[in-house]
Amino acid sequence: MGIHQRYELASEQYAEYGVDTDAAIEALRGYAISIHCWQADDVAGFERPGAALSGGGIQATGNYPGRARTIAEARQDYERVLTLLPGTHRLNLHASYGEFPAPVERDAIGPEQFAGWLDWARGLGVALDFNCTCFSHPKAESGFTLASKDPAIRQFWIEHVKRCREIAAAFGEAQGSLCIHNLWIPDGAKDITVDRFGHRHHLLESLDACMAINFSLSAMKDAVESKLFGIGAEWFTAGSHEFYLGYALSRGVMLCFDMGHFHPTESVADKVSAYLQFADELLLHVSRPVRWDSDHVVILDDATRDLAFEIVRRRHDKTIHIALDFFDASINRIGAYVTGVRATQQALLQALLSPERLLLELEEAGRNFERLALLETAKALPRGAVWDAFCEQENVPPASAWVQDVQHYERDVLAGRG
Ligand code: RNT
Ligand code: ZN
């Protein structure tokens, strides 16, 4: 049976539960996902030849062939990824991915090093987001950057973040679409830290110094990303959830929830409606922590699905920005990207196809068994047919066909990369 026929049948089935599949597809089209640049090259960046992820408490494990070694290769990969994704998405750049024909220190970078990215992205109709890079650098080796006790180290990173905010603002102006600048720092310590207050107070003051300049809020907005622990920073992490929760709410910047940055049994989905009682906007790093903040490729698991429901159910005056954050170096990286973005979209689709009106009626009537039963029934409705119809409308391969395309790319392009 063809995609169209399967879709017609699925539509009828959903209609029995009061769900309009055309409307769900239309809504899904509206969700832009900010695709992280760092899966293509294992978070190495292109600051200098042979750059690699070092320190920072994060790790890309695996050695699958085909890693992008240059900006040209990375762009080639992103372009291929985009051909396999329905919808219009964004690219999330890190400061260490600039174009540096000659070395430029991180406290001296500017929009110049990213003009090529902007041109390239404009050509593809893709908007950019941005991140400062406070790791993989000699001045981060102590484990502390903005929360360091050394004023010279703090000053260096403050200057870097200021430069990055300026780059984000330049992106936003040029692309006519808000650029989010997300700040994550690795600051923390392996073992019992006596002066937690001192480090956190430095972090607070550093952040205020970073944020001193106000840019147009239609060009750029700031987000701050909390974390529970890092490798080698198991005991103390300065930028914890409570720290940034307080910072975001008191300074009017966005909070970023990364799904890997909480205790393993905590639900990030549950945090969304709590936080949005006090703020209008937040950023998500959709990721898959496996036993730790492992940044496995996002799949359609319960955590991703629960989060998607919260995104779809948000109140209309609230904004949730969706970004991805995973880096698996052990599998085909183009396949990793497409799997992760499609899984996130499929989670959103599942939420958009949920019989919400009926569920709410049952809930409000106290019919909790019936609510549970309907939730279970809805899981078995044929959303795959709706997904394939969406892919077809968007001229990208359906679920059954994109893997082959990635295999061809591996054979024709990736295999030639040393
Ligand atoms: C690290 C944070 C952060 C990074 C990227 C590369 O734990 O999740 O978002 O993954 O900046
Ligand atoms: Zn993250």
# chains A, B, ... in the order shown; residues from 1 in each chain; ligands from 1
>>> select_by_dssp(residues="stretch 59-215 of chain A", states="alpha helix (DSSP H)", output="PyMOL selection string")
chain A and resi 71-83+115-124+151-175+196-210
>>> residues_near_ligand(ligand="ligand 2", cutoff="6 Å", atoms="only C-alpha atoms and all ligand atoms", output="list in words")
Asp258, His285 and Asp325 of chain A
>>> write_last_selection(atoms="N, CA and C atoms", output="compact mmCIF listing (two decimals), in the first residue's frame")
# COMPACT_ATOMS: atom_id res chain seq x y z
N ASP A 258 19.50 20.75 29.92
CA ASP A 258 20.06 19.64 29.14
C ASP A 258 19.58 18.36 29.80
N HIS A 285 18.28 21.29 25.67
CA HIS A 285 19.25 20.46 24.98
C HIS A 285 18.71 19.04 25.04
N ASP A 325 21.81 18.01 21.64
CA ASP A 325 23.17 17.92 22.17
C ASP A 325 23.53 16.45 22.38
>>> closest_atom_pairs(of="stretch 377-414 of chain A", to="stretch 350-358 of chain A", cutoff="9 Å", atoms="only C-alpha atoms", output="tab-separated table")
residue	atom	partner	partner_atom	distance
A:Ala378	CA	A:Ser354	CA	6.7
A:Lys379	CA	A:Gln350	CA	8.2
A:Arg383	CA	A:Gln350	CA	6.9
>>> residues_near_ligand(ligand="ligand 1", cutoff="10 Å", atoms="only C-alpha atoms and all ligand atoms", output="VMD selection string")
chain A and resid 36 to 39 42 to 45 53 56 to 60 92 to 95 130 to 135 182 to 186 224 to 231 256 to 261 284 to 287 293 to 295 323 to 327
>>> closest_residue(among="A:Thr21, A:Thr193, A:Ser250, A:Ser218", to="A:Phe236", atoms="only C-alpha atoms")
A:Thr193
>>> residues_around(residues="A:Ile109", least_positions_apart="6", cutoff="10 Å", atoms="only C-alpha atoms", output="MDAnalysis selection string")
chainID A and resid 95:96 98 100 103 159:164 166:167
>>> write_last_selection(atoms="C-alpha atoms", output="compact mmCIF listing (two decimals), in the first residue's frame")
# COMPACT_ATOMS: atom_id res chain seq x y z
CA ALA A 95 32.89 29.45 18.94
CA SER A 96 35.65 26.93 18.27
CA GLY A 98 35.11 29.69 13.38
CA PHE A 100 40.84 30.89 11.56
CA PRO A 103 45.32 31.88 15.03
CA GLU A 159 36.08 38.76 27.29
CA HIS A 160 35.48 35.57 25.30
CA VAL A 161 31.83 35.41 26.29
CA LYS A 162 31.35 39.09 25.48
CA ARG A 163 32.78 38.47 22.03
CA CYS A 164 30.47 35.50 21.56
CA GLU A 166 28.40 40.08 19.98
CA ILE A 167 28.76 37.39 17.31
>>> atom_distance(atom1="atom CA of A:Val386", atom2="atom CA of A:Ile25")
7.6 Å
>>> residues_around(residues="A:Asp302", least_positions_apart="4", cutoff="12 Å", atoms="only C-alpha atoms", output="NGL selection string")
:A and (267-269 or 288 or 298 or 306-309 or 343-344 or 347 or 350-351 or 379)
>>> closest_residue(among="A:Gly172, A:Gly335, A:Gly87, A:Gly239", to="A:Leu203", atoms="only C-alpha atoms")
A:Gly239
>>> select_by_dssp(residues="stretch 209-292 of chain A", states="strand (DSSP E)", output="list of chain:residue names")
A:Met220, A:Lys221, A:Asp222, A:Ala223, A:Val224, A:Glu225, A:Phe236, A:Thr237, A:Met254, A:Leu255, A:Cys256, A:Phe257, A:Asp258, A:Glu281, A:Leu282, A:Leu283, A:Leu284, A:His285, A:Val286, A:Arg288, A:Pro289, A:Val290, A:Trp292
>>> closest_residue(among="A:Arg251, A:Arg122, A:Arg291, A:His4", to="A:Gln175", atoms="only C-alpha atoms")
A:Arg122
>>> closest_residue(among="A:Ala329, A:Val406, A:Ala385, A:Leu207", to="A:Gln155", atoms="only C-alpha atoms")
A:Leu207
>>> residues_around(residues="A:Arg371", least_positions_apart="3", cutoff="6 Å", atoms="only C-alpha atoms", output="list in words")
Leu359, Leu362, Asn368 and Leu374 of chain A
>>> write_last_selection(atoms="all heavy atoms", output="mmCIF file, in the first residue's frame")
data_model
loop_
_atom_site.group_PDB
_atom_site.id
_atom_site.type_symbol
_atom_site.label_atom_id
_atom_site.label_comp_id
_atom_site.auth_asym_id
_atom_site.auth_seq_id
_atom_site.Cartn_x
_atom_site.Cartn_y
_atom_site.Cartn_z
ATOM 1 N N LEU A 359 -8.623 13.220 26.476
ATOM 2 C CA LEU A 359 -7.828 12.948 27.684
ATOM 3 C C LEU A 359 -8.156 13.945 28.787
ATOM 4 O O LEU A 359 -8.319 13.581 29.960
ATOM 5 C CB LEU A 359 -6.328 13.003 27.357
ATOM 6 C CG LEU A 359 -5.774 11.818 26.569
ATOM 7 C CD1 LEU A 359 -4.377 12.126 26.047
ATOM 8 C CD2 LEU A 359 -5.767 10.553 27.446
ATOM 9 N N LEU A 362 -11.553 13.316 30.340
ATOM 10 C CA LEU A 362 -11.505 12.199 31.291
ATOM 11 C C LEU A 362 -10.819 12.620 32.582
ATOM 12 O O LEU A 362 -11.278 12.315 33.682
ATOM 13 C CB LEU A 362 -10.766 11.008 30.664
ATOM 14 C CG LEU A 362 -11.485 10.338 29.483
ATOM 15 C CD1 LEU A 362 -10.562 9.331 28.801
ATOM 16 C CD2 LEU A 362 -12.769 9.647 29.955
ATOM 17 N N ASN A 368 -9.885 8.203 35.848
ATOM 18 C CA ASN A 368 -8.447 7.994 35.705
ATOM 19 C C ASN A 368 -8.072 6.665 35.060
ATOM 20 O O ASN A 368 -7.062 6.582 34.368
ATOM 21 C CB ASN A 368 -7.762 8.150 37.060
ATOM 22 C CG ASN A 368 -7.829 9.586 37.536
ATOM 23 O OD1 ASN A 368 -8.196 10.478 36.762
ATOM 24 N ND2 ASN A 368 -7.510 9.819 38.790
ATOM 25 N N LEU A 374 -6.857 5.215 27.520
ATOM 26 C CA LEU A 374 -6.783 5.981 26.271
ATOM 27 C C LEU A 374 -5.335 6.330 25.935
ATOM 28 O O LEU A 374 -4.915 6.281 24.779
ATOM 29 C CB LEU A 374 -7.645 7.250 26.376
ATOM 30 C CG LEU A 374 -7.657 8.137 25.137
ATOM 31 C CD1 LEU A 374 -8.060 7.369 23.872
ATOM 32 C CD2 LEU A 374 -8.597 9.343 25.329
#
>>> decode(residues="stretch 3-29 of chain A", atoms="C-alpha atoms", output="compact mmCIF listing (two decimals), in the first residue's frame")
# COMPACT_ATOMS: atom_id res chain seq x y z
CA ILE A 3 2.12 6.23 1.53
CA HIS A 4 -0.93 8.20 0.51
CA GLN A 5 -3.34 5.34 1.06
CA ARG A 6 -1.83 4.48 4.40
CA TYR A 7 -2.17 8.12 5.39
CA GLU A 8 -5.84 8.22 4.46
CA LEU A 9 -6.54 5.19 6.62
CA ALA A 10 -4.53 6.62 9.49
CA SER A 11 -6.38 9.93 9.26
CA GLU A 12 -9.70 8.14 9.63
CA GLN A 13 -8.48 6.26 12.65
CA TYR A 14 -7.20 9.40 14.34
CA ALA A 15 -10.41 11.24 13.51
CA GLU A 16 -12.29 8.72 15.65
CA TYR A 17 -10.37 10.16 18.59
CA GLY A 18 -10.96 13.75 17.55
CA VAL A 19 -7.46 14.21 16.13
CA ASP A 20 -6.85 16.08 12.87
CA THR A 21 -3.73 14.61 11.22
CA ASP A 22 -3.42 17.41 8.66
CA ALA A 23 -3.29 19.92 11.50
CA ALA A 24 -0.70 17.81 13.29
CA ILE A 25 1.54 17.77 10.23
CA GLU A 26 1.14 21.50 9.79
CA ALA A 27 2.09 22.08 13.41
CA LEU A 28 5.08 19.75 13.15
CA ARG A 29 6.37 21.76 10.21
